[in-house]
Amino acid sequence: MTDPLRVLVLDDDFRVGQLHRAIVDDQPGFAALEPVRSLAEARESIRTTRPDLLLADVYLPDGDGIGLVREAGIDAILISAADDAPTVRRALRSGAVGYLLKPFDRRALTGLLERYARYRNLLAGDRPLRQEDTDRALAIMHGSAEPVSISRSATEQLVLAALGDGEASAAEVGERVGISRATAQRHLAALAARTVVEVSLRYGATGRPEHRYAART
């Protein structure tokens with residue numbers, strides 16, 4: 001079982017920090033660390049707990065969250081009421097992978113976390129990456145289903161690689177590749193129509209059938 005992605009929340013408002021923590025903990029594949037309220041506390045927590053992702057406010061009692069993102073060397077999403085373009089550009093220059101404006105709907109943060117998990121999954125490990133991989137990762141993080149530079153054949157190659165020697169559902173393939181279940185289903189159906197993959201029907205614990213796919217040998 002894959003370890004959850006650990007997230008550190010930095011916000012000087014205790015209630016806001018706890019709210020963001022609860023949203024993170026409710027998201028599958030994530031676990032929130034104890035929230036912090038200052039840059040000093042954040043630096044100490046980063047040093048001792050080594051989080052995978054930082055959710056940080058911009059304006060803090062003892063300094064600037066964007067500066068922390070630049071120095072911390074970990075993935076970060078800025079969450080702030082600062083809506084001016086220079087601040088947003090500065091945040092992105094610092095290395096932030098996302099910027100969320102307060103106030104926001106809960107679904108905005110859960111959507112960002114979901115995209116981040118897919119982004120991380122696609123860029124996991126030490127394997128060499130192709131241009132298609134980096135294009136797809138950036139497209140996912142920026143909210144696009146698929147980058148325009150990815151051809152169908154390249155996507156299908158990724159889908160086949162995700163199947164490997166075993167079998168998987170469309171949802172599992174989508175998670176491995178970093179695409180939506182619907183996109184994975186579309187490519188798997190096309191491959192099945194050309195007899196590149198085999199399709200079988202399995203019944204889960206709920207009694208509902210699920211299509212399973214495997215590459216033909």
# chains A, B, ... in the order shown; residues from 1 in each chain; ligands from 1
>>> select_by_dssp(residues="region 16-186 of chain A", states="alpha helix (DSSP H)", output="MDAnalysis selection string")
chainID A and resid 16:26 39:49 65:72 85:93 106:122 131:141 152:163 170:177 181:186
>>> closest_atom_pairs(of="region 82-186 of chain A", to="region 55-63 of chain A", cutoff="10 Å", atoms="only C-alpha atoms", output="Markdown table")
| residue | atom | partner | partner_atom | distance |
| --- | --- | --- | --- | --- |
| A:Ala82 | CA | A:Val58 | CA | 7.6 |
| A:Thr87 | CA | A:Val58 | CA | 8.8 |
| A:Val88 | CA | A:Val58 | CA | 10.0 |
| A:Ala91 | CA | A:Val58 | CA | 8.6 |
| A:Ala96 | CA | A:Leu55 | CA | 9.7 |
| A:Gly98 | CA | A:Leu55 | CA | 9.5 |
| A:Tyr99 | CA | A:Leu55 | CA | 9.5 |
| A:Leu100 | CA | A:Asp57 | CA | 9.6 |
| A:Leu101 | CA | A:Asp57 | CA | 9.9 |
| A:Lys102 | CA | A:Asp57 | CA | 9.7 |
>>> write_last_selection(atoms="C-alpha atoms", output="CSV table (one decimal), in the first residue's frame")
chain,number,residue,atom,x,y,z
A,82,ALA,CA,-3.8,38.3,-2.1
A,87,THR,CA,2.0,38.5,-5.9
A,88,VAL,CA,0.7,35.6,-7.9
A,91,ALA,CA,4.5,32.9,-6.0
A,96,ALA,CA,4.7,27.0,-6.1
A,98,GLY,CA,-0.5,26.1,-7.4
A,99,TYR,CA,-2.2,29.3,-6.1
A,100,LEU,CA,-5.6,29.3,-4.4
A,101,LEU,CA,-7.5,32.5,-3.6
A,102,LYS,CA,-9.4,32.9,-0.3
>>> residues_around(residues="region 212-217 of chain A", least_positions_apart="5", cutoff="12 Å", atoms="only C-alpha atoms", output="number ranges by chain")
A: 156-157, 159-173, 184-185, 187-192, 194-204
>>> atom_distance(atom1="CA of Arg93 (chain A)", atom2="CA of Leu78 (chain A)")
12.0 Å
>>> select_by_dssp(residues="chain A", states="strand (DSSP E)", output="JSON, numbers by chain")
{"A": [5, 6, 7, 8, 9, 10, 30, 31, 32, 53, 54, 55, 56, 59, 60, 63, 64, 75, 76, 77, 78, 79, 80, 98, 99, 100, 101, 167, 168, 197, 198, 199, 200, 201, 202, 203, 209, 210, 211, 212, 213, 214, 215]}
>>> write_last_selection(atoms="N, CA and C atoms", output="short mmCIF file (atom, residue, chain, number, x, y, z; two decimals), in the first residue's frame")
data_model
loop_
_atom_site.label_atom_id
_atom_site.label_comp_id
_atom_site.auth_asym_id
_atom_site.auth_seq_id
_atom_site.Cartn_x
_atom_site.Cartn_y
_atom_site.Cartn_z
N LEU A 5 0.50 10.99 1.05
CA LEU A 5 1.30 12.20 0.90
C LEU A 5 1.06 13.07 2.13
N ARG A 6 2.14 13.46 2.80
CA ARG A 6 2.02 14.23 4.04
C ARG A 6 2.04 15.72 3.75
N VAL A 7 1.08 16.42 4.33
CA VAL A 7 0.87 17.83 4.01
C VAL A 7 0.99 18.68 5.27
N LEU A 8 1.77 19.75 5.17
CA LEU A 8 1.90 20.71 6.26
C LEU A 8 1.11 21.97 5.92
N VAL A 9 0.20 22.35 6.80
CA VAL A 9 -0.61 23.56 6.62
C VAL A 9 -0.01 24.69 7.44
N LEU A 10 0.21 25.84 6.78
CA LEU A 10 0.75 27.02 7.44
C LEU A 10 -0.23 28.17 7.29
N PHE A 30 -3.92 11.30 1.27
CA PHE A 30 -3.24 12.40 1.94
C PHE A 30 -3.37 12.27 3.46
N ALA A 31 -2.40 12.83 4.16
CA ALA A 31 -2.44 12.89 5.62
C ALA A 31 -1.87 14.24 6.05
N ALA A 32 -2.62 14.95 6.88
CA ALA A 32 -2.19 16.27 7.33
C ALA A 32 -1.34 16.16 8.59
N LEU A 53 4.18 18.08 0.82
CA LEU A 53 3.51 19.25 0.26
C LEU A 53 3.27 20.27 1.35
N LEU A 54 3.45 21.53 1.01
CA LEU A 54 3.20 22.64 1.93
C LEU A 54 2.03 23.46 1.41
N LEU A 55 1.04 23.71 2.28
CA LEU A 55 -0.05 24.64 1.98
C LEU A 55 0.18 25.87 2.83
N ALA A 56 0.56 26.97 2.21
CA ALA A 56 1.02 28.13 2.98
C ALA A 56 0.28 29.40 2.61
N TYR A 59 0.84 36.08 3.68
CA TYR A 59 1.16 37.07 4.71
C TYR A 59 1.07 36.44 6.09
N LEU A 60 2.21 36.42 6.78
CA LEU A 60 2.30 35.79 8.09
C LEU A 60 2.91 36.77 9.09
N GLY A 63 6.73 37.15 8.59
CA GLY A 63 7.36 37.21 7.27
C GLY A 63 6.43 36.80 6.15
N ASP A 64 7.05 36.32 5.08
CA ASP A 64 6.38 36.09 3.81
C ASP A 64 6.39 34.61 3.45
N ASP A 75 7.47 20.82 -2.65
CA ASP A 75 6.30 21.26 -3.40
C ASP A 75 5.39 22.09 -2.49
N ALA A 76 4.77 23.11 -3.06
CA ALA A 76 3.94 24.00 -2.25
C ALA A 76 2.80 24.58 -3.06
N ILE A 77 1.69 24.80 -2.37
CA ILE A 77 0.54 25.53 -2.91
C ILE A 77 0.31 26.72 -2.00
N LEU A 78 0.25 27.93 -2.58
CA LEU A 78 -0.04 29.13 -1.80
C LEU A 78 -1.55 29.31 -1.71
N ILE A 79 -2.03 29.60 -0.50
CA ILE A 79 -3.45 29.86 -0.26
C ILE A 79 -3.55 31.23 0.40
N SER A 80 -4.11 32.20 -0.31
CA SER A 80 -4.04 33.58 0.18
C SER A 80 -5.18 34.43 -0.35
N GLY A 98 0.84 25.65 -7.27
CA GLY A 98 -0.54 26.11 -7.37
C GLY A 98 -0.76 27.35 -6.52
N TYR A 99 -1.85 28.06 -6.81
CA TYR A 99 -2.19 29.28 -6.06
C TYR A 99 -3.71 29.31 -5.93
N LEU A 100 -4.20 29.34 -4.69
CA LEU A 100 -5.64 29.30 -4.42
C LEU A 100 -6.04 30.56 -3.66
N LEU A 101 -7.03 31.26 -4.21
CA LEU A 101 -7.48 32.52 -3.61
C LEU A 101 -8.53 32.27 -2.52
N GLU A 167 -3.28 -7.24 -15.09
CA GLU A 167 -4.55 -6.70 -15.54
C GLU A 167 -4.96 -5.57 -14.61
N ALA A 168 -5.80 -4.69 -15.10
CA ALA A 168 -6.20 -3.54 -14.30
C ALA A 168 -7.52 -2.99 -14.82
N VAL A 197 -5.61 -5.31 -26.50
CA VAL A 197 -5.82 -5.73 -25.11
C VAL A 197 -7.04 -6.64 -25.04
N GLU A 198 -7.08 -7.47 -24.00
CA GLU A 198 -8.22 -8.35 -23.74
C GLU A 198 -9.07 -7.74 -22.63
N VAL A 199 -10.36 -7.97 -22.71
CA VAL A 199 -11.29 -7.46 -21.71
C VAL A 199 -11.99 -8.63 -21.04
N SER A 200 -12.03 -8.60 -19.72
CA SER A 200 -12.77 -9.60 -18.97
C SER A 200 -13.67 -8.91 -17.97
N LEU A 201 -14.65 -9.63 -17.49
CA LEU A 201 -15.62 -9.08 -16.56
C LEU A 201 -15.44 -9.75 -15.21
N ARG A 202 -15.22 -8.95 -14.18
CA ARG A 202 -15.07 -9.47 -12.83
C ARG A 202 -16.13 -8.85 -11.93
N TYR A 203 -16.58 -9.64 -10.96
CA TYR A 203 -17.58 -9.15 -10.02
C TYR A 203 -16.90 -8.84 -8.69
N PRO A 209 -20.44 -5.72 -11.73
CA PRO A 209 -19.37 -6.14 -12.64
C PRO A 209 -18.39 -5.00 -12.93
N GLU A 210 -17.14 -5.37 -13.17
CA GLU A 210 -16.10 -4.39 -13.50
C GLU A 210 -15.28 -4.93 -14.66
N HIS A 211 -15.04 -4.09 -15.64
CA HIS A 211 -14.20 -4.50 -16.76
C HIS A 211 -12.74 -4.46 -16.34
N ARG A 212 -12.03 -5.55 -16.65
CA ARG A 212 -10.60 -5.64 -16.37
C ARG A 212 -9.88 -5.80 -17.72
N TYR A 213 -8.75 -5.14 -17.84
CA TYR A 213 -8.02 -5.14 -19.10
C TYR A 213 -6.63 -5.74 -18.91
N ALA A 214 -6.18 -6.45 -19.94
CA ALA A 214 -4.83 -7.02 -19.93
C ALA A 214 -4.28 -6.98 -21.34
N ALA A 215 -2.99 -6.72 -21.47
CA ALA A 215 -2.37 -6.68 -22.79
C ALA A 215 -2.26 -8.10 -23.35
#
>>> atom_distance(atom1="CA of Ile140 (chain A)", atom2="CA of Tyr119 (chain A)")
6.3 Å
>>> residues_around(residues="Ile179 (chain A)", least_positions_apart="2", cutoff="9 Å", atoms="only C-alpha atoms", output="list of chain:residue names")
A:Arg118, A:Arg136, A:Ile140, A:Ala145, A:Glu146, A:Val173, A:Gly174, A:Glu175, A:Arg176, A:Val177, A:Arg181, A:Ala182, A:Thr183, A:Ala184
>>> write_last_selection(atoms="N, CA and C atoms", output="compact mmCIF listing (two decimals), in the first residue's frame")
# COMPACT_ATOMS: atom_id res chain seq x y z
N ARG A 118 -2.06 13.08 -8.80
CA ARG A 118 -1.83 12.52 -10.13
C ARG A 118 -0.51 13.03 -10.71
N ARG A 136 2.29 16.10 -19.88
CA ARG A 136 1.10 15.60 -19.21
C ARG A 136 1.06 16.04 -17.75
N ILE A 140 -1.90 18.30 -16.14
CA ILE A 140 -2.71 17.84 -15.01
C ILE A 140 -2.70 18.87 -13.89
N ALA A 145 -7.30 18.20 -18.87
CA ALA A 145 -7.43 16.75 -18.90
C ALA A 145 -6.24 16.11 -19.61
N GLU A 146 -5.83 16.71 -20.74
CA GLU A 146 -4.69 16.21 -21.49
C GLU A 146 -4.02 17.36 -22.22
N VAL A 173 -5.67 2.15 -14.25
CA VAL A 173 -4.78 2.61 -15.33
C VAL A 173 -4.70 4.13 -15.32
N GLY A 174 -5.85 4.79 -15.15
CA GLY A 174 -5.85 6.24 -15.12
C GLY A 174 -4.98 6.80 -14.02
N GLU A 175 -5.03 6.16 -12.84
CA GLU A 175 -4.21 6.63 -11.72
C GLU A 175 -2.72 6.44 -12.00
N ARG A 176 -2.37 5.32 -12.61
CA ARG A 176 -0.96 5.04 -12.91
C ARG A 176 -0.40 6.00 -13.96
N VAL A 177 -1.21 6.31 -14.95
CA VAL A 177 -0.75 7.14 -16.05
C VAL A 177 -0.86 8.63 -15.71
N ARG A 181 -10.26 8.63 -15.36
CA ARG A 181 -10.79 7.30 -15.63
C ARG A 181 -11.45 7.26 -17.00
N ALA A 182 -12.21 8.32 -17.34
CA ALA A 182 -12.91 8.36 -18.62
C ALA A 182 -11.93 8.32 -19.79
N THR A 183 -10.81 9.06 -19.66
CA THR A 183 -9.81 9.06 -20.73
C THR A 183 -9.16 7.69 -20.86
N ALA A 184 -8.84 7.08 -19.72
CA ALA A 184 -8.25 5.74 -19.74
C ALA A 184 -9.23 4.74 -20.36
>>> closest_residue(among="A:Pro51, A:Asp3, A:Val16, A:Glu41", to="Pro28 (chain A)", atoms="only C-alpha atoms")
A:Asp3
>>> atom_distance(atom1="CA of Ala108 (chain A)", atom2="CA of Ile23 (chain A)")
10.6 Å
>>> closest_residue(among="A:Ala137, A:Ile66, A:Leu122, A:Ala42", to="Pro86 (chain A)", atoms="only C-alpha atoms")
A:Ile66
